[in-house]
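Engineer: Handing over data_30.txt, compact mmCIF, C-alpha atoms and all ligand atoms.
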# COMPACT_ATOMS: atom_id res chain seq x y z
CA MET A 11 11.09 -126.01 -88.91
CA ALA A 12 10.16 -129.63 -89.50
CA ARG A 13 8.01 -128.64 -92.47
CA PHE A 14 11.00 -127.48 -94.52
CA LYS A 15 13.19 -129.96 -96.35
CA GLU A 16 16.69 -129.85 -94.85
CA ARG A 17 18.96 -128.15 -97.33
CA VAL A 18 22.40 -126.54 -97.04
CA PHE A 19 23.37 -123.40 -98.95
CA SER A 20 26.59 -121.39 -98.81
CA GLY A 21 28.78 -119.26 -101.04
CA VAL A 22 32.30 -117.97 -101.58
CA GLN A 23 33.17 -114.74 -103.37
CA PRO A 24 35.40 -114.98 -106.46
CA THR A 25 37.64 -112.14 -105.33
CA GLY A 26 41.03 -113.90 -105.62
CA ASN A 27 43.53 -115.12 -103.01
CA LEU A 28 41.40 -117.95 -101.58
CA HIS A 29 43.02 -118.66 -98.24
CA LEU A 30 43.23 -121.01 -95.29
CA GLY A 31 40.47 -119.06 -93.50
CA ASN A 32 38.07 -119.63 -96.38
CA TYR A 33 39.04 -123.32 -96.32
CA LEU A 34 38.79 -123.98 -92.57
CA GLY A 35 35.89 -121.62 -91.87
CA ALA A 36 33.80 -122.62 -94.88
CA ILE A 37 34.89 -124.99 -97.67
CA LYS A 38 36.12 -127.83 -95.41
CA ARG A 39 32.76 -127.72 -93.64
CA PHE A 40 30.97 -127.78 -97.04
CA VAL A 41 32.74 -131.05 -97.82
CA GLU A 42 31.77 -132.64 -94.48
CA LEU A 43 28.13 -131.60 -94.80
CA GLN A 44 27.64 -133.19 -98.21
CA GLU A 45 27.58 -136.62 -96.53
CA LYS A 46 24.43 -135.71 -94.60
CA TYR A 47 22.54 -133.05 -96.57
CA GLU A 48 21.44 -131.93 -99.99
CA CYS A 49 23.91 -129.08 -100.59
CA ILE A 50 24.02 -126.07 -102.88
CA TYR A 51 27.38 -124.31 -103.13
CA CYS A 52 27.55 -121.03 -104.95
CA VAL A 53 30.34 -118.91 -106.40
CA VAL A 54 28.83 -115.56 -105.48
CA ASP A 55 29.93 -113.40 -108.39
CA LEU A 56 27.14 -110.83 -107.89
CA HIS A 57 28.59 -110.21 -104.42
CA ALA A 58 32.10 -109.84 -105.85
CA ILE A 59 31.14 -106.82 -107.99
CA THR A 60 30.03 -104.82 -104.95
CA VAL A 61 33.63 -103.59 -105.15
CA ALA A 62 35.24 -102.93 -108.56
CA GLN A 63 36.61 -106.06 -110.30
CA ASP A 64 38.72 -106.44 -113.41
CA PRO A 65 36.43 -108.46 -115.76
CA VAL A 66 39.20 -110.78 -116.99
CA GLU A 67 40.34 -111.50 -113.42
CA LEU A 68 36.74 -112.00 -112.30
CA THR A 69 36.22 -114.72 -114.92
CA HIS A 70 39.46 -116.40 -113.78
CA ASN A 71 38.47 -116.13 -110.11
CA ILE A 72 35.00 -117.63 -110.70
CA ARG A 73 36.66 -120.65 -112.26
CA GLU A 74 39.26 -120.81 -109.49
CA VAL A 75 36.68 -120.93 -106.68
CA THR A 76 34.87 -123.66 -108.63
CA ALA A 77 38.16 -125.56 -108.94
CA ALA A 78 38.74 -125.10 -105.19
CA PHE A 79 35.32 -126.55 -104.35
CA ILE A 80 36.02 -129.63 -106.46
CA ALA A 81 39.66 -129.98 -105.36
CA CYS A 82 38.63 -129.84 -101.70
CA GLY A 83 36.25 -132.75 -102.26
CA ILE A 84 32.78 -131.47 -103.16
CA ASP A 85 31.28 -133.86 -105.68
CA PRO A 86 29.62 -131.78 -108.45
CA LYS A 87 27.57 -134.78 -109.57
CA LYS A 88 25.98 -135.29 -106.16
CA GLN A 89 25.81 -131.67 -105.02
CA ILE A 90 25.13 -128.42 -106.85
CA ILE A 91 28.06 -126.13 -107.67
CA PHE A 92 27.17 -123.04 -109.69
CA ASN A 93 27.76 -119.31 -110.09
CA GLN A 94 25.15 -116.92 -108.81
CA SER A 95 24.78 -114.71 -111.90
CA GLN A 96 23.52 -117.68 -113.95
CA VAL A 97 20.44 -117.99 -111.74
CA GLN A 98 18.47 -114.77 -112.04
CA GLU A 99 16.14 -115.67 -109.18
CA HIS A 100 18.83 -114.41 -106.75
CA ALA A 101 18.68 -110.85 -108.10
CA GLU A 102 14.89 -110.84 -108.33
CA LEU A 103 14.37 -112.05 -104.77
CA ALA A 104 17.01 -109.57 -103.57
CA TRP A 105 14.90 -106.74 -104.99
CA ILE A 106 11.78 -107.98 -103.23
CA PHE A 107 13.79 -108.29 -99.99
CA ASN A 108 15.13 -104.73 -100.50
CA CYS A 109 11.53 -103.71 -100.03
CA ILE A 110 11.17 -105.87 -96.88
CA ALA A 111 14.46 -105.06 -95.09
CA ARG A 112 14.66 -101.78 -93.15
CA ILE A 113 17.41 -99.19 -93.54
CA GLY A 114 17.93 -99.27 -89.77
CA TRP A 115 18.76 -102.98 -89.95
CA LEU A 116 21.38 -102.45 -92.64
CA ASN A 117 22.90 -99.49 -90.80
CA ARG A 118 23.92 -101.90 -88.05
CA MET A 119 25.96 -104.19 -90.34
CA THR A 120 29.59 -104.10 -89.19
CA GLN A 121 31.02 -105.58 -92.42
CA PHE A 122 29.73 -102.61 -94.43
CA LYS A 123 31.25 -100.20 -91.92
CA GLU A 124 34.61 -102.00 -92.10
CA LYS A 125 34.67 -102.33 -95.88
CA ALA A 126 33.35 -98.85 -96.68
CA GLY A 127 35.65 -97.31 -94.07
CA LYS A 128 35.86 -93.53 -93.97
CA ASP A 129 34.86 -93.18 -97.63
CA ARG A 130 31.30 -94.34 -96.94
CA GLU A 131 29.65 -91.84 -99.30
CA ASN A 132 31.65 -93.31 -102.13
CA ALA A 133 30.84 -96.98 -101.44
CA SER A 134 28.52 -98.72 -103.92
CA ILE A 135 24.86 -99.23 -103.08
CA GLY A 136 25.57 -102.90 -103.79
CA LEU A 137 28.08 -103.06 -100.92
CA TYR A 138 25.45 -101.58 -98.60
CA ALA A 139 22.73 -103.97 -99.80
CA TYR A 140 25.10 -107.00 -99.79
CA PRO A 141 23.41 -108.73 -96.81
CA VAL A 142 20.00 -108.47 -98.50
CA LEU A 143 21.35 -110.30 -101.57
CA MET A 144 22.84 -112.87 -99.20
CA ALA A 145 19.41 -113.42 -97.62
CA ALA A 146 17.99 -113.90 -101.13
CA ASP A 147 20.74 -116.41 -102.01
CA ILE A 148 19.77 -118.56 -99.04
CA LEU A 149 16.01 -118.16 -99.17
CA ALA A 150 15.66 -118.63 -102.94
CA TYR A 151 16.24 -122.30 -102.01
CA ARG A 152 14.48 -122.11 -98.62
CA ALA A 153 17.78 -123.41 -97.23
CA THR A 154 17.63 -124.54 -93.60
CA HIS A 155 21.38 -124.61 -92.80
CA VAL A 156 24.21 -122.27 -93.79
CA PRO A 157 27.85 -123.12 -92.94
CA VAL A 158 29.90 -119.91 -92.66
CA GLY A 159 32.80 -118.38 -90.77
CA GLU A 160 32.18 -116.31 -87.64
CA ASP A 161 32.34 -113.04 -89.66
CA GLN A 162 29.06 -113.87 -91.41
CA LYS A 163 27.01 -114.40 -88.24
CA GLN A 164 25.44 -110.94 -88.31
CA HIS A 165 24.41 -111.33 -91.96
CA LEU A 166 22.75 -114.65 -91.14
CA GLU A 167 20.78 -112.97 -88.37
CA LEU A 168 19.62 -110.37 -90.88
CA ALA A 169 18.49 -113.15 -93.25
CA ARG A 170 16.35 -114.54 -90.42
CA ASP A 171 14.89 -111.09 -89.73
CA ILE A 172 13.99 -110.70 -93.41
CA ALA A 173 12.42 -114.17 -93.55
CA GLN A 174 10.42 -113.45 -90.42
CA LYS A 175 9.17 -110.07 -91.67
CA PHE A 176 8.16 -111.55 -95.03
CA ASN A 177 6.32 -114.39 -93.24
CA SER A 178 4.54 -111.91 -91.00
CA ASP A 179 3.79 -109.16 -93.58
CA PHE A 180 2.16 -111.72 -95.88
CA SER A 181 0.88 -114.20 -93.28
CA GLU A 182 -2.76 -114.10 -94.41
CA ARG A 183 -1.80 -114.51 -98.04
CA ILE A 184 0.67 -117.32 -97.26
CA LYS A 185 -2.08 -119.24 -95.48
CA ALA A 186 -4.72 -118.48 -98.12
CA LEU A 187 -2.46 -119.80 -100.87
CA GLY A 188 -1.95 -123.06 -98.99
CA HIS A 189 1.67 -122.64 -97.90
CA GLY A 190 0.91 -123.28 -94.22
CA GLU A 191 1.88 -120.84 -91.45
CA THR A 192 5.20 -119.60 -92.85
CA PHE A 193 6.76 -119.48 -96.30
CA PHE A 194 10.46 -119.07 -95.44
CA PRO A 195 12.38 -121.12 -92.86
CA MET A 196 14.39 -119.62 -89.98
CA THR A 197 17.75 -120.64 -91.41
CA GLU A 198 20.31 -121.95 -88.91
CA PRO A 199 23.92 -120.77 -89.19
CA LEU A 200 26.46 -123.59 -88.80
CA ILE A 201 29.48 -122.00 -87.13
CA SER A 202 31.55 -124.42 -85.09
CA GLY A 203 34.97 -126.01 -84.68
CA PRO A 204 38.39 -124.64 -83.74
CA ALA A 205 38.82 -122.30 -86.75
CA THR A 206 35.65 -120.30 -87.33
CA ARG A 207 37.73 -117.11 -87.39
CA VAL A 208 41.26 -117.68 -88.68
CA MET A 209 43.42 -114.65 -87.96
CA SER A 210 46.17 -112.98 -89.97
CA LEU A 211 49.60 -114.60 -89.57
CA ARG A 212 51.06 -111.11 -89.08
CA ASP A 213 48.54 -109.77 -86.58
CA GLY A 214 46.47 -111.98 -84.30
CA THR A 215 43.82 -109.28 -83.88
CA LYS A 216 42.96 -109.08 -87.61
CA LYS A 217 41.00 -111.65 -89.63
CA MET A 218 42.94 -113.54 -92.31
CA SER A 219 41.59 -111.89 -95.43
CA LYS A 220 41.88 -111.93 -99.21
CA SER A 221 42.36 -108.20 -99.41
CA ASP A 222 45.23 -107.86 -96.90
CA ALA A 223 48.09 -106.11 -98.71
CA SER A 224 50.63 -108.53 -97.20
CA ASP A 225 50.71 -111.99 -98.76
CA TYR A 226 52.52 -113.11 -95.59
CA SER A 227 49.30 -112.52 -93.64
CA ARG A 228 47.61 -115.52 -95.22
CA ILE A 229 48.24 -118.99 -96.63
CA ASN A 230 46.69 -119.17 -100.09
CA LEU A 231 45.19 -122.46 -101.24
CA THR A 232 47.49 -122.34 -104.25
CA ASP A 233 50.70 -121.75 -102.24
CA VAL A 234 53.44 -124.35 -102.82
CA ALA A 235 55.25 -126.12 -99.95
CA ASP A 236 58.11 -123.58 -99.78
CA GLU A 237 55.71 -120.65 -99.58
CA ILE A 238 53.67 -122.34 -96.84
CA ALA A 239 56.87 -123.10 -94.88
CA GLN A 240 58.16 -119.55 -95.21
CA LYS A 241 54.87 -117.97 -94.16
CA ILE A 242 54.52 -120.18 -91.09
CA ARG A 243 58.17 -119.59 -90.15
CA LYS A 244 57.59 -115.82 -90.30
CA ALA A 245 54.20 -115.97 -88.53
CA ARG A 246 54.11 -113.72 -85.48
CA THR A 247 54.20 -115.47 -82.08
CA ASP A 248 55.23 -114.61 -78.54
CA SER A 249 58.30 -115.93 -76.74
CA GLU A 250 56.55 -118.30 -74.33
CA PRO A 251 56.36 -122.06 -74.94
CA LEU A 252 52.94 -123.56 -75.71
CA PRO A 253 50.69 -123.78 -72.64
CA SER A 254 48.97 -126.91 -71.40
CA ASP A 255 45.45 -125.55 -71.19
CA GLU A 256 43.20 -123.58 -73.53
CA LYS A 257 42.41 -120.83 -71.00
CA ALA A 258 46.02 -119.60 -71.23
CA LEU A 259 45.51 -118.97 -74.97
CA GLU A 260 42.86 -116.33 -74.32
CA VAL A 261 45.49 -113.60 -73.87
CA ARG A 262 47.83 -114.95 -76.57
CA ALA A 263 46.04 -114.20 -79.85
CA GLU A 264 48.78 -115.38 -82.24
CA ALA A 265 49.43 -118.60 -80.31
CA ASP A 266 45.69 -119.26 -80.14
CA ASN A 267 45.41 -118.80 -83.89
CA LEU A 268 48.19 -121.25 -84.77
CA VAL A 269 46.86 -123.86 -82.34
CA GLY A 270 43.37 -123.42 -83.84
CA ILE A 271 44.74 -123.87 -87.36
CA TYR A 272 46.61 -127.04 -86.35
CA ALA A 273 43.52 -128.40 -84.59
CA ALA A 274 41.24 -127.76 -87.58
CA LEU A 275 43.68 -129.29 -90.07
CA ALA A 276 44.21 -132.35 -87.86
CA ASN A 277 40.48 -132.70 -87.05
CA LYS A 278 41.28 -132.39 -83.36
CA THR A 279 40.23 -130.07 -80.57
CA LYS A 280 42.57 -127.32 -79.35
CA THR A 281 42.73 -129.17 -76.01
CA ALA A 282 44.03 -132.28 -77.76
CA VAL A 283 46.63 -130.22 -79.66
CA LEU A 284 47.82 -128.62 -76.42
CA ALA A 285 48.04 -132.03 -74.77
CA GLN A 286 50.40 -133.02 -77.61
CA PHE A 287 52.54 -129.84 -77.63
CA ALA A 288 52.41 -128.41 -74.06
CA GLY A 289 55.81 -126.96 -73.16
CA ALA A 290 57.14 -127.06 -76.74
CA GLN A 291 58.84 -124.00 -78.26
CA PHE A 292 57.18 -122.34 -81.25
CA SER A 293 60.09 -123.29 -83.53
CA LYS A 294 59.21 -126.96 -82.99
CA PHE A 295 55.44 -126.39 -83.23
CA LYS A 296 55.84 -124.38 -86.44
CA GLU A 297 57.77 -127.25 -88.05
CA GLU A 298 54.93 -129.63 -87.22
CA LEU A 299 52.32 -127.12 -88.40
CA THR A 300 54.19 -126.68 -91.69
CA ALA A 301 54.34 -130.44 -92.28
CA LEU A 302 50.61 -130.80 -91.55
CA SER A 303 49.66 -127.80 -93.71
CA VAL A 304 51.71 -129.05 -96.66
CA GLU A 305 50.21 -132.53 -96.27
CA LYS A 306 46.62 -131.21 -96.24
CA LEU A 307 46.84 -128.20 -98.58
CA GLY A 308 49.46 -129.42 -101.07
CA PRO A 309 47.13 -131.87 -102.88
CA ILE A 310 44.34 -129.25 -102.96
CA GLY A 311 46.59 -126.63 -104.58
CA SER A 312 47.91 -129.12 -107.17
CA GLU A 313 44.42 -130.31 -108.04
CA MET A 314 43.17 -126.72 -108.38
CA LYS A 315 45.99 -125.98 -110.82
CA ARG A 316 45.23 -129.15 -112.80
CA LEU A 317 41.51 -128.34 -112.99
CA MET A 318 42.24 -124.76 -114.08
CA GLN A 319 43.89 -126.17 -117.21
CA ASP A 320 40.48 -127.44 -118.31
CA THR A 321 38.18 -124.43 -118.30
CA LYS A 322 35.67 -126.26 -120.51
CA TYR A 323 35.13 -128.80 -117.76
CA ILE A 324 34.82 -126.09 -115.07
CA ASP A 325 32.31 -124.14 -117.18
CA SER A 326 30.29 -127.32 -117.78
CA VAL A 327 30.10 -127.94 -114.00
CA LEU A 328 28.79 -124.38 -113.54
CA ALA A 329 26.27 -124.71 -116.39
CA ASN A 330 24.97 -128.01 -115.07
CA GLY A 331 24.84 -126.73 -111.47
CA SER A 332 23.06 -123.54 -112.56
CA ALA A 333 20.34 -125.51 -114.36
CA ARG A 334 19.79 -127.68 -111.27
CA ALA A 335 19.80 -124.64 -108.96
CA ARG A 336 17.29 -122.85 -111.18
CA ALA A 337 15.00 -125.88 -111.09
CA ILE A 338 14.77 -125.48 -107.29
CA ALA A 339 14.60 -121.67 -107.16
CA ALA A 340 12.13 -121.06 -110.02
CA PRO A 341 9.03 -122.58 -108.34
CA ILE A 342 9.92 -120.85 -105.05
CA LEU A 343 10.09 -117.49 -106.85
CA LYS A 344 6.84 -118.23 -108.65
CA SER A 345 5.16 -118.65 -105.26
CA VAL A 346 6.84 -115.49 -103.94
CA ARG A 347 5.46 -113.46 -106.88
CA GLU A 348 2.02 -114.89 -106.20
CA ILE A 349 2.25 -114.11 -102.48
CA VAL A 350 3.35 -110.52 -103.21
CA GLY A 351 0.51 -110.12 -105.71
CA PHE A 352 2.32 -109.80 -109.05
CA VAL A 353 0.42 -110.88 -112.18
CA GLN A 354 2.38 -113.59 -113.99
CA SER A 355 1.64 -115.38 -117.21
N1 LIG B 401 39.56 -115.58 -91.69
C1 LIG B 401 38.52 -116.38 -91.82
N2 LIG B 401 38.31 -117.39 -90.93
C2 LIG B 401 37.25 -118.23 -91.05
N3 LIG B 401 36.36 -118.14 -92.06
C3 LIG B 401 36.54 -117.16 -92.97
N4 LIG B 401 35.85 -116.80 -94.07
C4 LIG B 401 36.46 -115.74 -94.66
N5 LIG B 401 37.53 -115.38 -93.96
C5 LIG B 401 37.62 -116.24 -92.91
C6 LIG B 401 34.66 -117.49 -94.53
O1 LIG B 401 34.87 -117.89 -95.86
C7 LIG B 401 33.62 -117.88 -96.55
C8 LIG B 401 33.77 -117.18 -97.84
O2 LIG B 401 34.15 -115.84 -97.62
P1 LIG B 401 33.88 -114.82 -98.79
O3 LIG B 401 34.64 -115.22 -99.96
O4 LIG B 401 32.45 -114.67 -98.98
O5 LIG B 401 34.39 -113.44 -98.39
P2 LIG B 401 35.08 -112.71 -97.28
O6 LIG B 401 34.58 -113.09 -95.94
O7 LIG B 401 34.87 -111.30 -97.62
O8 LIG B 401 36.57 -113.14 -97.47
P3 LIG B 401 37.74 -112.32 -96.95
O9 LIG B 401 38.95 -113.09 -97.12
O10 LIG B 401 37.45 -111.84 -95.59
O11 LIG B 401 37.77 -111.09 -97.96
P4 LIG B 401 38.01 -109.58 -97.67
O12 LIG B 401 39.46 -109.43 -97.80
O13 LIG B 401 37.26 -108.90 -98.76
O14 LIG B 401 37.51 -109.26 -96.31
C9 LIG B 401 32.61 -117.24 -95.61
O15 LIG B 401 31.81 -118.26 -95.02
C10 LIG B 401 33.46 -116.57 -94.57
O16 LIG B 401 32.81 -116.53 -93.31
Go ahead and render the structure in this file as structure tokens.
Structural biologist:
Amino acid sequence: MARFKERVFSGVQPTGNLHLGNYLGAIKRFVELQEKYECIYCVVDLHAITVAQDPVELTHNIREVTAAFIACGIDPKKQIIFNQSQVQEHAELAWIFNCIARIGWLNRMTQFKEKAGKDRENASIGLYAYPVLMAADILAYRATHVPVGEDQKQHLELARDIAQKFNSDFSERIKALGHGETFFPMTEPLISGPATRVMSLRDGTKKMSKSDASDYSRINLTDVADEIAQKIRKARTDSEPLPSDEKALEVRAEADNLVGIYAALANKTKTAVLAQFAGAQFSKFKEELTALSVEKLGPIGSEMKRLMQDTKYIDSVLANGSARARAIAAPILKSVREIVGFVQS
């Protein structure tokens, strides 16, 4: 892997209701990584349309994810923030990868099964091919590291399978054209910390998700203090006090979730949080969790709302980021076309 320049890529779908899971599992990590790596953060609008979107809401949501990136602390001057549809290399590479990936590989993807549900025949082809586009997003930049929540692990494995098959199918050509042994890196997923899978506040067995019908299941990044307080107060728990060791959380999904959220917001481990709250009742812990959530999320929500007043600025960030992203992806795609054997002028 040493041959590839270290580069981080990740994306968030502009599908509304950005929540605490998106923040702790992904965006907070994006902010931390920008200190160490060259980072490319994408508003993945081509992914969003794999399920029907209202065009006016989609435009709003693209800007809102961009505002969230900036409000959380990603510096658009240092790092690249852009929306996927402005860089056509993603769609082109996805097509080439559609011809590399195998149907059997995609049939194993659990996210498609969950999202398509029983009405599988009626799901879009885009929803089925979603992980192939995700592989193209990453590999159009030959990204080496991808911070994501736990739910994306399987898709990352598929991206590695696609990279490996491309490298092997075209190995002679890759060598002959002077690219060395392999053209695409084996991208590493970055999934770590106490909140890689934040669960619903109403049901500790379900992932916190944008599409949950109940707004009480999630804390939105734009929720005001009263809403955050009310949602945490109503969050499902059991009747036992907080335990002193992490092992005891294994059979207490809701308690485990709230402790994980506190730990991630406080930049602590779950063990350290339990050391602080062992024996406390949930009423007390929820008060502390509310105060911490309001302290950390309040400024983000306010800044998002302020930025959303200036859509010209947001659009200029996306235009600038798209031009910089294209400058990286275009030569990579040129080489891919050459490797595949297309004639280009
Ligand atoms: N609950 C979660 N806990 C931790 N990380 C999460 N992520 C999403 N939900 C959680 C991570 O957030 C990043 C962006 O996710 P996305 O916008 O691409 O889409 P998603 O995973 O489809 O979001 P939702 O909320 O789960 O939407 P629906 O309701 O459609 O299922 C990713 O890195 C993801 O891992």
Engineer: Counting only C-alpha atoms and all ligand atoms, which of A:Gln286, A:Gln319, A:Thr60, A:Gln354 gets nearest to ligand LIG 401 (chain B)?
Structural biologist: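 Closest candidate: A:Thr60.
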Engineer: Which is closer to ligand LIG 401 (chain B) than all the others in A:Gln162, A:Ser249, A:Ser181, A:Thr76, using all atoms listed in the file?
Structural biologist: A:Gln162
Engineer: When you look at Gly203 of chain A with a cut-off of 12 Å (counting all atoms listed in the file), what residues show up, excluding the ones that are within fewer than 6 positions of it in the same chain? I need them as a list in words.
Structural biologist: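 With the cut-off at 12 Å, the set is Leu34, Gly35, Ala36, Lys38, Arg39, Pro157, Val158, Gly159, Glu160, Gly270, Ile271, Tyr272, Ala273, Ala274, Leu275, Ala276, Asn277, Lys278, Thr279 and Lys280 of chain A.
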Engineer: Using only C-alpha atoms, which protein or nucleic acid residues come within 9 Å of Arg246 of chain A? Drop anything in the same chain fewer than 5 positions from it, and give the result as JSON, numbers by chain.
Structural biologist: {"A": [211, 212, 213, 214, 264, 265]}
Engineer: Could you tell me how far atom CA of Ser210 of chain A lies from atom CA of Ser227 of chain A, in Å and to one decimal?
Structural biologist: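 Straight-line distance from atom CA of Ser210 of chain A to atom CA of Ser227 of chain A works out to 4.8 Å.
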Engineer: Could you list, as number ranges by chain, every residue within 8 Å of Ile50 of chain A, counting all atoms listed in the file and ignoring same-chain residues fewer than 4 positions away?
Structural biologist: A: 17-20, 89-91, 335
Engineer: Sorted by chain and rising residue number, list the residues of chain A at most 6 Å from ligand LIG 401 (chain B) (counting all atoms listed in the file), each with its closest atom pair and distance in Å to one decimal, as a tab-separated table.
Structural biologist:
residue	atom	partner	partner_atom	distance
A:Val22	CA	B:LIG401	O3	4.0
A:Gln23	CA	B:LIG401	O3	3.7
A:Gly31	CA	B:LIG401	C1	3.7
A:Asn32	CA	B:LIG401	O1	3.7
A:Gly35	CA	B:LIG401	N3	3.5
A:Ala36	CA	B:LIG401	O15	4.8
A:Val158	CA	B:LIG401	O15	3.5
A:Gly159	CA	B:LIG401	O16	3.1
A:Glu160	CA	B:LIG401	O16	5.7
A:Asp161	CA	B:LIG401	O16	5.1
A:Gln162	CA	B:LIG401	O16	5.0
A:Thr206	CA	B:LIG401	C2	4.5
A:Arg207	CA	B:LIG401	N2	3.6
A:Val208	CA	B:LIG401	N2	3.7
A:Met209	CA	B:LIG401	N1	5.4
A:Lys217	CA	B:LIG401	N1	4.7
A:Met218	CA	B:LIG401	N1	4.0
A:Ser219	CA	B:LIG401	O9	3.4
A:Lys220	CA	B:LIG401	O12	3.8
A:Ser221	CA	B:LIG401	O12	3.5
Engineer: Just to be explicit: take each residue in the selection above, keep C-alpha atoms, and write the result as a PDB file, in the coordinates of the input.
Structural biologist:
ATOM      1  CA  VAL A  22      32.300-117.970-101.580  1.00  0.00           C
ATOM      2  CA  GLN A  23      33.170-114.740-103.370  1.00  0.00           C
ATOM      3  CA  GLY A  31      40.470-119.060 -93.500  1.00  0.00           C
ATOM      4  CA  ASN A  32      38.070-119.630 -96.380  1.00  0.00           C
ATOM      5  CA  GLY A  35      35.890-121.620 -91.870  1.00  0.00           C
ATOM      6  CA  ALA A  36      33.800-122.620 -94.880  1.00  0.00           C
ATOM      7  CA  VAL A 158      29.900-119.910 -92.660  1.00  0.00           C
ATOM      8  CA  GLY A 159      32.800-118.380 -90.770  1.00  0.00           C
ATOM      9  CA  GLU A 160      32.180-116.310 -87.640  1.00  0.00           C
ATOM     10  CA  ASP A 161      32.340-113.040 -89.660  1.00  0.00           C
ATOM     11  CA  GLN A 162      29.060-113.870 -91.410  1.00  0.00           C
ATOM     12  CA  THR A 206      35.650-120.300 -87.330  1.00  0.00           C
ATOM     13  CA  ARG A 207      37.730-117.110 -87.390  1.00  0.00           C
ATOM     14  CA  VAL A 208      41.260-117.680 -88.680  1.00  0.00           C
ATOM     15  CA  MET A 209      43.420-114.650 -87.960  1.00  0.00           C
ATOM     16  CA  LYS A 217      41.000-111.650 -89.630  1.00  0.00           C
ATOM     17  CA  MET A 218      42.940-113.540 -92.310  1.00  0.00           C
ATOM     18  CA  SER A 219      41.590-111.890 -95.430  1.00  0.00           C
ATOM     19  CA  LYS A 220      41.880-111.930 -99.210  1.00  0.00           C
ATOM     20  CA  SER A 221      42.360-108.200 -99.410  1.00  0.00           C
TER      21      SER A 221
END
Engineer: Please identify all polymer residues within 12 Å of Gly114 of chain A, counting all atoms listed in the file, omitting same-chain residues fewer than 5 positions from it, and present them as a VMD selection string.
Structural biologist: chain A and resid 119 138 168
Engineer: Please provide as a PDB file with C-alpha atoms, in the frame of the given file all residues within 10 Å of His165 of chain A, with the sequence filter that same-chain residues fewer than 3 positions apart are discarded (counting only C-alpha atoms).
Structural biologist:
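That gives us out39.pdb:
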ATOM      1  CA  LEU A 116      21.380-102.450 -92.640  1.00  0.00           C
ATOM      2  CA  MET A 119      25.960-104.190 -90.340  1.00  0.00           C
ATOM      3  CA  THR A 120      29.590-104.100 -89.190  1.00  0.00           C
ATOM      4  CA  GLN A 121      31.020-105.580 -92.420  1.00  0.00           C
ATOM      5  CA  TYR A 140      25.100-107.000 -99.790  1.00  0.00           C
ATOM      6  CA  PRO A 141      23.410-108.730 -96.810  1.00  0.00           C
ATOM      7  CA  VAL A 142      20.000-108.470 -98.500  1.00  0.00           C
ATOM      8  CA  MET A 144      22.840-112.870 -99.200  1.00  0.00           C
ATOM      9  CA  ALA A 145      19.410-113.420 -97.620  1.00  0.00           C
ATOM     10  CA  ASP A 161      32.340-113.040 -89.660  1.00  0.00           C
ATOM     11  CA  GLN A 162      29.060-113.870 -91.410  1.00  0.00           C
ATOM     12  CA  LEU A 168      19.620-110.370 -90.880  1.00  0.00           C
ATOM     13  CA  ALA A 169      18.490-113.150 -93.250  1.00  0.00           C
ATOM     14  CA  ARG A 170      16.350-114.540 -90.420  1.00  0.00           C
ATOM     15  CA  ASP A 171      14.890-111.090 -89.730  1.00  0.00           C
ATOM     16  CA  PRO A 199      23.920-120.770 -89.190  1.00  0.00           C
TER      17      PRO A 199
END
Engineer: Identify which of the residues A:Val283, A:Ala263, A:Ala62, A:Ala81 lies closest to Ser312 of chain A, counting only C-alpha atoms when measuring atom-to-atom distances.
Structural biologist: A:Ala81
Engineer: So how far away is atom CA of Arg334 of chain A from atom CA of Pro65 of chain A, in Å?
Structural biologist: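 Taking atom CA of Pro65 of chain A as the start and atom CA of Arg334 of chain A as the end point, the length is 25.8 Å.
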Engineer: Centre and edge lengths, as AutoDock Vina command-line options, for the axis-aligned box enclosing every listed atom of segment 333-342 of chain A with 5 Å of padding on each of the six sides, in Å to one decimal?
Structural biologist:
--center_x 14.7 --center_y -124.3 --center_z -109.7 --size_x 21.3 --size_y 16.8 --size_z 19.3
